[in-house]
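Text of model34.txt (compact mmCIF, C-alpha atoms) as supplied:
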# COMPACT_ATOMS: atom_id res chain seq x y z
CA MET T 1 -42.47 -11.44 -10.58
CA ILE T 2 -39.61 -13.80 -9.86
CA ILE T 3 -39.62 -17.54 -9.17
CA PHE T 4 -37.30 -19.57 -6.92
CA ASN T 5 -37.48 -23.35 -7.24
CA SER T 6 -35.20 -25.00 -4.72
CA HIS T 7 -36.20 -28.66 -5.00
CA ALA T 8 -36.61 -31.19 -7.78
CA THR T 9 -39.99 -32.10 -6.31
CA ILE T 10 -42.53 -29.44 -5.51
CA SER T 11 -43.94 -30.76 -2.30
CA SER T 12 -44.02 -28.09 0.40
CA THR T 13 -44.15 -24.35 1.00
CA THR T 14 -40.43 -23.71 0.42
CA THR T 15 -39.90 -25.74 -2.74
CA LEU T 16 -41.18 -23.18 -5.23
CA ASN T 17 -41.81 -19.57 -4.29
CA MET T 18 -42.79 -16.44 -6.18
CA TYR T 19 -41.99 -12.90 -5.08
CA ARG T 20 -42.40 -9.42 -6.45
CA THR T 21 -39.10 -7.94 -7.63
CA ASP T 22 -40.15 -4.55 -6.30
CA GLN T 23 -40.41 -6.07 -2.83
CA HIS T 24 -36.83 -7.26 -2.74
CA PHE T 25 -35.09 -5.42 0.09
CA GLY T 26 -31.45 -6.32 -0.47
CA MET T 27 -28.71 -8.93 -0.20
CA GLU T 28 -25.70 -9.63 1.98
CA SER T 29 -23.09 -12.27 2.75
CA THR T 30 -24.06 -14.54 5.60
CA GLY T 31 -21.58 -17.40 5.38
CA ALA T 32 -18.39 -18.54 3.70
CA ASN T 33 -20.17 -19.51 0.49
CA VAL T 34 -23.63 -18.12 1.19
CA ALA T 35 -25.33 -14.84 0.31
CA LYS T 36 -28.91 -14.10 1.24
CA MET T 37 -31.69 -12.28 -0.56
CA HIS T 38 -34.37 -10.62 1.54
CA PHE T 39 -37.94 -10.26 0.31
CA LYS T 40 -41.01 -8.85 1.95
CA SER T 41 -42.39 -11.80 3.87
CA ALA T 42 -45.22 -13.81 2.44
CA VAL T 43 -47.10 -13.30 5.70
CA ASN T 44 -46.77 -9.53 5.24
CA HIS T 45 -44.88 -8.89 8.47
CA ILE T 46 -43.07 -5.57 8.68
CA ASP T 47 -40.38 -6.73 11.08
CA ALA T 48 -38.83 -9.67 9.26
CA PRO T 49 -38.37 -10.82 5.68
CA ASP T 50 -38.37 -14.13 3.85
CA PHE T 51 -34.85 -15.27 2.99
CA ILE T 52 -33.44 -16.92 -0.09
CA ALA T 53 -30.02 -18.37 0.74
CA LEU T 54 -27.77 -18.62 -2.32
CA THR T 55 -25.08 -21.26 -1.90
CA SER T 56 -22.09 -21.24 -4.22
CA ALA T 57 -18.92 -23.33 -4.44
CA ASN T 58 -16.67 -23.32 -1.41
CA GLY T 59 -13.03 -22.32 -1.72
CA ASP T 60 -10.56 -20.17 0.18
CA ASP T 61 -11.68 -16.81 1.56
CA ASN T 62 -10.94 -14.96 -1.66
CA VAL T 63 -12.66 -17.52 -3.86
CA ASP T 64 -15.65 -17.43 -1.55
CA GLN T 65 -15.84 -13.64 -1.83
CA THR T 66 -15.67 -13.82 -5.62
CA ASN T 67 -18.39 -16.47 -5.70
CA ARG T 68 -20.70 -14.60 -3.34
CA ILE T 69 -20.40 -11.43 -5.40
CA ALA T 70 -21.01 -13.42 -8.60
CA SER T 71 -24.15 -14.95 -7.12
CA MET T 72 -25.48 -11.53 -6.08
CA ASP T 73 -24.61 -10.08 -9.50
CA ALA T 74 -26.61 -12.88 -11.13
CA MET T 75 -29.62 -12.17 -8.94
CA VAL T 76 -29.45 -8.44 -9.75
CA SER T 77 -29.61 -9.39 -13.41
CA LYS T 78 -32.65 -11.58 -12.74
CA LEU T 79 -34.34 -8.91 -10.62
CA ASN T 80 -33.90 -6.45 -13.47
CA THR T 81 -35.21 -8.77 -16.13
CA VAL T 82 -38.54 -7.62 -17.51
CA ASN T 83 -40.85 -10.36 -18.72
CA LYS T 84 -44.36 -9.08 -19.18
CA GLN T 85 -45.46 -12.35 -20.76
CA GLY T 86 -44.56 -14.37 -17.67
CA PHE T 87 -42.45 -14.61 -14.58
CA VAL T 88 -38.66 -14.62 -14.37
CA VAL T 89 -37.00 -17.83 -13.23
CA ALA T 90 -34.20 -16.82 -10.88
CA PHE T 91 -33.20 -20.37 -9.97
CA SER T 92 -34.75 -23.72 -10.76
CA GLU T 93 -33.73 -27.23 -9.83
CA ILE T 94 -36.41 -28.64 -12.09
CA GLU T 95 -35.37 -26.59 -15.12
CA ASN T 96 -31.67 -26.57 -14.17
CA VAL T 97 -31.52 -22.78 -14.18
CA LYS T 98 -28.52 -22.01 -11.96
CA PRO T 99 -27.02 -18.62 -12.76
CA GLY T 100 -23.90 -17.02 -11.30
CA GLY T 101 -22.34 -20.24 -10.06
CA ILE T 102 -25.15 -20.77 -7.54
CA LEU T 103 -25.27 -24.45 -6.69
CA SER T 104 -28.40 -24.49 -4.59
CA ILE T 105 -30.87 -22.25 -2.82
CA ALA T 106 -32.90 -22.52 0.34
CA VAL T 107 -36.03 -20.55 1.14
CA THR T 108 -36.81 -19.55 4.73
CA LEU T 109 -40.27 -18.17 5.31
CA ASP T 110 -41.02 -15.72 8.06
CA SER T 111 -43.86 -16.95 10.22
CA MET D 1 -38.90 -1.85 -12.46
CA LYS D 2 -35.27 -1.89 -13.53
CA GLN D 3 -32.90 -0.31 -11.08
CA PRO D 4 -29.22 -0.43 -10.10
CA TYR D 5 -28.09 -2.20 -6.95
CA LEU D 6 -25.36 -0.61 -4.86
CA TYR D 7 -22.76 -2.89 -3.27
CA PHE D 8 -20.80 -1.82 -0.20
CA GLY D 9 -18.12 -3.87 1.55
CA ARG D 10 -16.84 -2.99 4.99
CA LYS D 11 -13.48 -1.33 5.77
CA GLY D 12 -12.18 -0.65 9.27
CA TYR D 13 -10.33 2.43 10.50
CA GLN D 14 -9.73 4.14 13.81
CA ALA D 15 -7.48 6.95 15.01
CA THR D 16 -7.04 7.08 18.76
CA ALA D 17 -4.87 8.49 21.52
CA GLY D 18 -1.68 6.71 22.44
CA VAL D 19 -1.85 4.45 25.49
CA VAL D 20 1.30 4.54 27.58
CA ASN D 21 1.19 0.89 28.64
CA GLY D 22 0.45 -0.18 25.05
CA GLY D 23 -2.92 -1.84 25.74
CA TYR D 24 -5.60 -0.28 23.56
CA ALA D 25 -9.35 -0.34 23.98
CA ALA D 26 -11.04 -3.16 22.09
CA LEU D 27 -11.74 -2.43 18.46
CA THR D 28 -15.41 -2.97 17.71
CA ILE D 29 -17.69 -2.66 14.73
CA ALA D 30 -19.25 0.39 16.35
CA ASN D 31 -15.99 2.25 17.02
CA SER D 32 -13.87 1.18 14.08
CA GLY D 33 -15.90 -0.98 11.69
CA MET D 34 -13.70 -4.04 12.22
CA LEU D 35 -12.86 -6.92 14.50
CA PRO D 36 -9.20 -7.89 14.16
CA ALA D 37 -8.56 -11.56 14.88
CA SER D 38 -6.12 -12.58 17.59
CA LYS D 39 -2.45 -12.49 16.67
CA ALA D 40 0.66 -13.63 18.48
CA ASN D 41 3.90 -11.66 18.29
CA SER D 42 5.40 -14.25 15.93
CA VAL D 43 3.21 -13.52 12.91
CA LEU D 44 2.03 -10.56 10.88
CA SER D 45 -1.59 -9.57 10.41
CA PRO D 46 -1.74 -9.18 6.63
CA SER D 47 -4.66 -6.78 6.74
CA LEU D 48 -4.33 -4.62 9.85
CA ARG D 49 -1.93 -1.69 9.65
CA VAL D 50 -0.90 0.03 12.88
CA LEU D 51 0.79 3.42 12.68
CA ILE D 52 2.09 5.62 15.49
CA LYS D 53 2.36 9.36 14.89
CA SER D 54 4.50 11.20 17.41
CA THR D 55 3.26 14.57 18.57
CA THR D 56 6.32 15.82 20.44
CA ALA D 57 9.99 14.93 20.75
CA GLU D 58 10.55 12.25 23.37
CA ASP D 59 13.79 10.51 24.36
CA SER D 60 14.37 6.74 24.24
CA VAL D 61 10.91 5.70 23.03
CA ARG D 62 11.95 3.14 20.41
CA GLY D 63 13.29 -0.34 20.92
CA ALA D 64 16.76 -1.09 19.61
CA LEU D 65 15.53 -3.40 16.86
CA LEU D 66 13.55 -0.58 15.21
CA THR D 67 16.60 1.60 14.75
CA THR D 68 19.43 -0.90 14.26
CA ALA D 69 20.47 -1.95 10.75
CA GLY D 70 18.77 -5.20 9.80
CA ASP D 71 15.41 -6.62 8.82
CA THR D 72 13.55 -4.91 11.61
CA LYS D 73 14.97 -1.40 11.09
CA LEU D 74 12.20 1.03 10.24
CA THR D 75 12.12 4.38 8.49
CA ASP D 76 9.55 7.14 8.75
CA PHE D 77 6.38 5.86 7.08
CA ILE D 78 5.66 9.18 5.39
CA ASP D 79 9.01 10.51 4.21
CA GLY D 80 11.33 7.51 4.53
CA SER D 81 13.80 9.28 6.80
CA ASP D 82 15.85 7.32 9.32
CA LEU D 83 14.51 6.86 12.83
CA THR D 84 16.42 7.00 16.06
CA ALA D 85 15.55 5.92 19.58
CA ASN D 86 14.19 9.42 20.14
CA SER D 87 10.99 10.58 18.48
CA ILE D 88 10.50 13.81 16.57
CA ALA D 89 7.15 15.56 16.29
CA GLY D 90 5.35 14.38 13.17
CA GLU D 91 7.23 11.11 12.71
CA VAL D 92 5.07 8.14 11.69
CA VAL D 93 6.12 4.55 12.40
CA ASN D 94 4.49 1.50 10.83
CA ILE D 95 4.75 -0.69 13.88
CA SER D 96 2.72 -3.44 12.21
CA SER D 97 5.52 -4.18 9.74
CA ILE D 98 7.33 -6.13 12.47
CA PRO D 99 5.50 -9.18 13.83
CA LYS D 100 7.02 -8.91 17.29
CA SER D 101 6.00 -5.30 17.83
CA TYR D 102 2.36 -5.92 18.58
CA THR D 103 -0.17 -8.55 19.48
CA ILE D 104 -3.95 -8.80 19.24
CA GLY D 105 -5.62 -10.40 22.21
CA SER D 106 -7.56 -13.59 21.82
CA GLY D 107 -11.22 -12.99 21.15
CA ASP D 108 -11.32 -9.42 22.35
CA GLU D 109 -9.81 -7.42 19.48
CA ILE D 110 -7.44 -5.65 21.87
CA VAL D 111 -4.24 -4.48 20.23
CA THR D 112 -1.19 -4.33 22.46
CA ILE D 113 1.87 -2.49 21.18
CA LEU D 114 5.07 -3.44 22.94
CA LYS D 115 7.07 -0.74 24.66
CA ALA D 116 10.62 0.32 23.95
CA ASN D 117 12.05 -2.01 26.59
CA ASP D 118 10.82 -4.94 24.50
CA THR D 119 13.39 -3.98 21.82
CA SER D 120 10.88 -4.10 18.95
CA GLY D 121 8.28 -1.82 20.51
CA GLN D 122 7.68 1.89 20.81
CA THR D 123 6.56 3.66 23.94
CA VAL D 124 4.00 6.36 23.27
CA ILE D 125 2.56 9.30 25.15
CA THR D 126 -1.13 10.11 25.35
CA GLY D 127 -0.62 13.00 22.94
CA ASP D 128 0.49 10.65 20.16
CA THR D 129 -2.07 9.34 17.71
CA VAL D 130 -2.29 5.66 16.78
CA TYR D 131 -4.00 4.64 13.54
CA PHE D 132 -5.54 1.21 13.05
CA GLU D 133 -6.52 0.59 9.44
CA GLU D 134 -7.77 -2.45 7.53
CA MET D 135 -5.92 -2.61 4.22
CA LYS D 136 -7.28 -5.62 2.36
CA PHE D 137 -9.79 -8.47 2.43
CA ASP D 138 -8.33 -11.11 4.70
CA ALA D 139 -9.58 -13.28 7.55
CA THR D 140 -7.20 -11.54 9.95
CA VAL D 141 -9.80 -8.77 10.21
CA LEU D 142 -13.46 -9.76 10.53
CA PRO D 143 -16.27 -9.94 9.59
CA ILE D 144 -15.61 -11.01 6.01
CA ASN D 145 -18.69 -13.11 5.28
CA THR D 146 -21.27 -12.56 8.00
CA VAL D 147 -23.88 -9.86 8.58
CA GLY D 148 -22.23 -6.46 8.46
CA ALA D 149 -19.48 -7.56 6.09
CA ASP D 150 -21.27 -6.25 3.02
CA LEU D 151 -24.59 -5.00 1.72
CA ALA D 152 -26.26 -4.96 -1.68
CA ILE D 153 -29.20 -2.64 -1.76
CA PRO D 154 -31.52 -1.36 -4.50
CA ALA D 155 -31.11 2.27 -5.45
CA SER D 156 -34.77 2.83 -4.62
CA ALA D 157 -33.95 2.07 -0.98
CA PHE D 158 -31.63 5.07 -0.70
CA ILE D 159 -33.27 7.59 1.64
CA ALA D 160 -30.76 10.29 2.54
CA ALA D 161 -27.18 11.37 3.21
CA GLU D 162 -26.05 13.47 6.14
CA PRO D 163 -22.66 14.70 7.34
CA LEU D 164 -21.22 13.34 10.59
CA ALA D 165 -18.60 14.83 12.85
CA PHE D 166 -15.18 13.21 12.59
CA THR D 167 -12.63 14.21 15.21
CA GLU D 168 -10.73 10.99 15.91
CA GLY D 169 -7.09 11.49 16.83
CA VAL D 170 -5.45 13.73 19.39
CA GLY D 171 -4.51 17.41 19.57
CA VAL D 172 -3.05 18.73 16.34
CA ASN D 173 -3.79 15.40 14.66
CA ALA D 174 -7.50 15.32 15.54
CA GLY D 175 -9.57 14.78 12.43
CA LEU D 176 -6.49 14.11 10.29
CA ASP D 177 -5.08 10.93 8.79
CA GLU D 178 -1.48 9.81 9.33
CA ALA D 179 -0.23 12.05 6.52
CA GLY D 180 -2.02 15.11 7.87
CA ASN D 181 -4.91 15.04 5.40
CA ALA D 182 -8.19 16.24 6.89
CA LEU D 183 -11.06 13.76 7.08
CA ASP D 184 -14.83 14.10 7.31
CA ALA D 185 -17.63 11.57 7.55
CA THR D 186 -20.94 11.04 5.79
CA ARG D 187 -23.82 8.73 6.66
CA LEU D 188 -25.73 7.11 3.82
CA ILE D 189 -29.17 5.96 4.93
CA PHE D 190 -31.18 3.21 3.28
CA LYS D 191 -34.45 1.45 3.88
CA SER D 192 -33.47 -1.69 5.73
CA ALA D 193 -32.45 -4.71 3.68
CA ASN D 194 -34.01 -6.84 6.37
CA LYS D 195 -37.36 -5.29 7.18
CA ALA D 196 -40.33 -3.70 5.53
CA GLY D 197 -40.98 -1.48 8.55
CA ALA D 198 -39.48 1.79 9.69
CA ALA D 199 -35.93 0.50 10.23
CA VAL D 200 -32.94 1.75 8.28
CA ASP D 201 -29.49 0.43 7.41
CA THR D 202 -26.62 2.90 7.36
CA VAL D 203 -23.28 3.08 5.62
CA ASP D 204 -20.93 5.51 7.35
CA LEU D 205 -18.02 6.67 5.25
CA VAL D 206 -14.94 8.38 6.68
CA HIS D 207 -13.49 10.19 3.71
CA THR D 208 -11.50 13.11 2.39
CA ALA D 209 -12.58 16.34 4.08
CA ASN D 210 -14.95 18.90 2.58
CA LYS D 211 -16.43 16.39 0.14
CA PHE D 212 -19.97 16.03 1.45
CA LYS D 213 -21.43 17.66 -1.63
CA GLU D 214 -19.28 15.43 -3.85
CA VAL D 215 -20.46 12.33 -1.95
CA CYS D 216 -24.03 13.42 -2.65
CA GLU D 217 -23.18 13.90 -6.31
CA ALA D 218 -21.62 10.44 -6.44
CA MET D 219 -24.71 8.87 -4.88
CA GLN D 220 -26.94 10.72 -7.33
CA GLU D 221 -24.83 9.38 -10.19
CA LEU D 222 -24.79 5.81 -8.88
CA CYS D 223 -28.51 5.70 -8.11
CA ASN D 224 -29.13 6.68 -11.73
CA ALA D 225 -26.59 4.26 -13.18
CA GLU D 226 -27.87 2.13 -16.03
CA LEU D 227 -26.20 -1.07 -14.86
CA TYR D 228 -28.79 -3.81 -14.52
CA ASP D 229 -26.94 -7.10 -15.03
CA GLY D 230 -24.78 -6.84 -11.91
CA MET D 231 -24.23 -4.72 -8.83
CA VAL D 232 -22.62 -1.30 -8.89
CA LYS D 233 -19.53 -1.97 -6.78
CA VAL D 234 -19.33 1.23 -4.75
CA HIS D 235 -16.71 0.19 -2.22
CA TYR D 236 -15.15 -3.07 -1.04
CA LEU D 237 -11.86 -4.65 -0.13
CA ASP D 238 -10.44 -7.66 -1.92
CA ALA D 239 -7.18 -9.56 -1.62
CA GLU D 240 -5.36 -6.82 -3.52
CA GLY D 241 -6.70 -3.93 -1.47
CA GLN D 242 -9.39 -1.30 -1.79
CA ASN D 243 -11.86 -0.93 -4.66
CA LEU D 244 -13.66 2.41 -4.84
CA HIS D 245 -16.05 3.36 -7.63
CA ASN D 246 -14.90 6.09 -9.95
CA ALA D 247 -17.96 8.14 -9.00
CA PHE D 248 -16.15 8.68 -5.69
CA SER D 249 -12.46 8.51 -6.60
CA GLY D 250 -13.04 10.67 -9.68
CA ARG D 251 -14.35 13.39 -7.39
CA GLY D 252 -11.24 13.31 -5.22
CA ILE D 253 -12.89 11.28 -2.48
CA ASP D 254 -10.73 8.73 -0.68
CA VAL D 255 -12.49 6.42 1.77
CA LYS D 256 -10.78 5.45 5.01
CA ARG D 257 -13.67 3.67 6.73
CA CYS D 258 -16.84 2.06 5.47
CA LEU D 259 -18.97 1.03 8.43
CA ILE D 260 -22.13 -0.94 7.64
CA THR D 261 -24.80 -0.97 10.32
CA ARG D 262 -27.76 -3.23 9.74
CA ALA D 263 -31.14 -2.87 11.35
Show this structure as structure tokens.
Amino acid sequence: MIIFNSHATISSTTTLNMYRTDQHFGMESTGANVAKMHFKSAVNHIDAPDFIALTSANGDDNVDQTNRIASMDAMVSKLNTVNKQGFVVAFSEIENVKPGGILSIAVTLDS
Amino acid sequence: MKQPYLYFGRKGYQATAGVVNGGYAALTIANSGMLPASKANSVLSPSLRVLIKSTTAEDSVRGALLTTAGDTKLTDFIDGSDLTANSIAGEVVNISSIPKSYTIGSGDEIVTILKANDTSGQTVITGDTVYFEEMKFDATVLPINTVGADLAIPASAFIAAEPLAFTEGVGVNAGLDEAGNALDATRLIFKSANKAGAAVDTVDLVHTANKFKEVCEAMQELCNAELYDGMVKVHYLDAEGQNLHNAFSGRGIDVKRCLITRA
């Protein structure tokens, strides 16, 4: 299990989300300083995932590429972390867990 | 479950028949794996390389600037021999080394190579082969950071590999690169990174010929890699050029095109 906490205050459906690491479909670049993770949607649709957008520091094109790859590398490490005593915190505003140079995340739920 | 993640970055390539008037069909993701940005004839495109391979001897096909001593004089791209206004079968010219020799149309990815009467151009015949190839990560060839630019996928999503026909090019150069090396293609098929349903994502590699079995071996090796704290970088371009995992290069596999198609 893996946890994404995007906000300092847990107040709505996209502020703290848990997913199964074995239902992570993949990642890709989607913007200059953004890579996205795709998980099986929380509403169990087969035709669209939930997204976790990973935003890193913005630079020139080459810096952006390096940062996006670093953010995806960090998430691979989290996805492969085994913690049978609890969940794995991939990113947390509350706990200030921000691996791989990721500055912020945003969760988009399929509906 | 611990598992490796495979990272692929896009690389564009196309070999096509010469167009006498110099206006080529639009390069698309589907036909070449790249979208070159517009370029005037006053600047270079740092990433896109355009080569012309002559098939037969033709008189007066090269503009004066290509063959006259000076900054714009070119030599054969393969063997470095001098060029004249007349072509010889097998000669290869890197027309993209001179800004004025070609343009890329605004918004439509159409490459236009000037003709000999434009002094820095080369007139071709339909039997010549023209090679468009993306050489490094640069915003002059897109996409670099939007869907289709790259893909990181868990090894457990790998479904299958299958050979594809590759016959791009013309006549004696069909299926060959600019240096005459034979090429083949392989499709790698994955469960979609975007859907839980029946859709698949594909990574089509154009690579050294007769290496399908070696590509399968490389995939078997990479899917069993014990790298868990970062992605296995299989193939991508950066500012310095191409990066290809040793599982491929160590098996004598060069990759000319890496076309990512998302569901």
If the cut-off is 7 Å, can you tell me the residues of chain D near chain T, counting all atoms listed in the file? I'd like them as number ranges by chain. D: 1-3, 5, 145-147, 149-154, 192-197, 228-231, 239
Find the spatial neighbours of Lys84 (chain T), counting only C-alpha atoms, within a cut-off of 12 Å - ignore same-chain residues fewer than 4 positions away - and output them as a PyMOL selection string. (chain T and resi 1-2+88) or (chain D and resi 1)
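What separates CA of Ala106 (chain T) from CA of Tyr19 (chain T) is a distance of 14.3 Å.
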Between CA of Val97 (chain T) and CA of Pro4 (chain D), what distance in Å does the model show, to one decimal? 22.8 Å
I'd like the contact shell of Ile52 (chain D) - 7 Å cut-off, all atoms listed in the file, skipping same-chain residues fewer than 4 positions apart - returned as a compact mmCIF listing (two decimals) with C-alpha atoms, in the frame of the given file.
# COMPACT_ATOMS: atom_id res chain seq x y z
CA VAL D 92 5.07 8.14 11.69
CA VAL D 93 6.12 4.55 12.40
CA ASN D 94 4.49 1.50 10.83
CA THR D 129 -2.07 9.34 17.71
CA VAL D 130 -2.29 5.66 16.78
CA TYR D 131 -4.00 4.64 13.54
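Closest approach to Thr13 (chain T) among T:Thr55, T:Ser92, T:Gln85, T:Thr108: T:Thr108, based on all atoms listed in the file.
One distance worth recording is that between CA of Leu54 (chain T) and CA of Gly86 (chain T), which is 23.1 Å.
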Any idea what's packed within 6 Å of Ala263 (chain D), counting all atoms listed in the file, ignoring anything in its chain fewer than 6 positions away? Could you give it as a ChimeraX atom specification? /D:199-201
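With distances restricted to only C-alpha atoms, D:Lys211 is the closest residue to Ser249 (chain D) from D:Lys211, D:Lys39, D:Lys100, D:Lys53.
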Which neighbours of Ser38 (chain D) fall inside 6 Å, counting all atoms listed in the file, when residues of the same chain fewer than 4 positions from it are skipped, and could you give them as JSON, numbers by chain? {"D": [104, 105, 106]}
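With all atoms listed in the file as the atoms that count, the residue of D:Tyr236, D:Phe212, D:Phe190, D:Phe158 with the shortest distance to Arg257 (chain D) is D:Tyr236.
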Near-Ile3 (chain T) list (7 Å; all atoms listed in the file; drop same-chain fewer than 6 positions) as a PyMOL selection string: chain T and resi 17-19+87-90
From the list D:Ala26, D:Leu74, D:Leu35, D:Leu164, the nearest residue to Ser120 (chain D) using only C-alpha atoms is D:Leu74
Can I get region 56-68 of chain D with N, CA and C atoms filled in, as a PDB file, in the coordinates of the input?
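Output below, filename part.pdb:
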ATOM      1  N   THR D  56       5.217  15.005  19.919  1.00  0.00           N
ATOM      2  CA  THR D  56       6.320  15.820  20.440  1.00  0.00           C
ATOM      3  C   THR D  56       7.591  14.977  20.464  1.00  0.00           C
ATOM      4  N   ALA D  57       8.707  15.629  20.628  1.00  0.00           N
ATOM      5  CA  ALA D  57       9.990  14.930  20.750  1.00  0.00           C
ATOM      6  C   ALA D  57      10.079  14.266  22.123  1.00  0.00           C
ATOM      7  N   GLU D  58      10.388  12.987  22.117  1.00  0.00           N
ATOM      8  CA  GLU D  58      10.550  12.250  23.370  1.00  0.00           C
ATOM      9  C   GLU D  58      11.817  11.400  23.251  1.00  0.00           C
ATOM     10  N   ASP D  59      12.549  11.279  24.366  1.00  0.00           N
ATOM     11  CA  ASP D  59      13.790  10.510  24.360  1.00  0.00           C
ATOM     12  C   ASP D  59      13.516   9.016  24.605  1.00  0.00           C
ATOM     13  N   SER D  60      14.313   8.194  23.967  1.00  0.00           N
ATOM     14  CA  SER D  60      14.370   6.740  24.240  1.00  0.00           C
ATOM     15  C   SER D  60      13.000   6.073  24.204  1.00  0.00           C
ATOM     16  N   VAL D  61      12.244   6.307  23.124  1.00  0.00           N
ATOM     17  CA  VAL D  61      10.910   5.700  23.030  1.00  0.00           C
ATOM     18  C   VAL D  61      10.892   4.477  22.113  1.00  0.00           C
ATOM     19  N   ARG D  62      11.972   4.253  21.372  1.00  0.00           N
ATOM     20  CA  ARG D  62      11.950   3.140  20.410  1.00  0.00           C
ATOM     21  C   ARG D  62      12.914   2.039  20.811  1.00  0.00           C
ATOM     22  N   GLY D  63      12.446   0.794  20.636  1.00  0.00           N
ATOM     23  CA  GLY D  63      13.290  -0.340  20.920  1.00  0.00           C
ATOM     24  C   GLY D  63      14.463  -0.416  19.953  1.00  0.00           C
ATOM     25  N   ALA D  64      15.527  -1.062  20.389  1.00  0.00           N
ATOM     26  CA  ALA D  64      16.760  -1.090  19.610  1.00  0.00           C
ATOM     27  C   ALA D  64      16.570  -1.713  18.230  1.00  0.00           C
ATOM     28  N   LEU D  65      15.693  -2.715  18.141  1.00  0.00           N
ATOM     29  CA  LEU D  65      15.530  -3.400  16.860  1.00  0.00           C
ATOM     30  C   LEU D  65      14.937  -2.490  15.784  1.00  0.00           C
ATOM     31  N   LEU D  66      14.182  -1.478  16.193  1.00  0.00           N
ATOM     32  CA  LEU D  66      13.550  -0.580  15.210  1.00  0.00           C
ATOM     33  C   LEU D  66      14.558   0.369  14.571  1.00  0.00           C
ATOM     34  N   THR D  67      15.662   0.575  15.224  1.00  0.00           N
ATOM     35  CA  THR D  67      16.600   1.600  14.750  1.00  0.00           C
ATOM     36  C   THR D  67      17.967   1.042  14.387  1.00  0.00           C
ATOM     37  N   THR D  68      18.146  -0.269  14.563  1.00  0.00           N
ATOM     38  CA  THR D  68      19.430  -0.900  14.260  1.00  0.00           C
ATOM     39  C   THR D  68      19.369  -1.527  12.877  1.00  0.00           C
TER      40      THR D  68
END
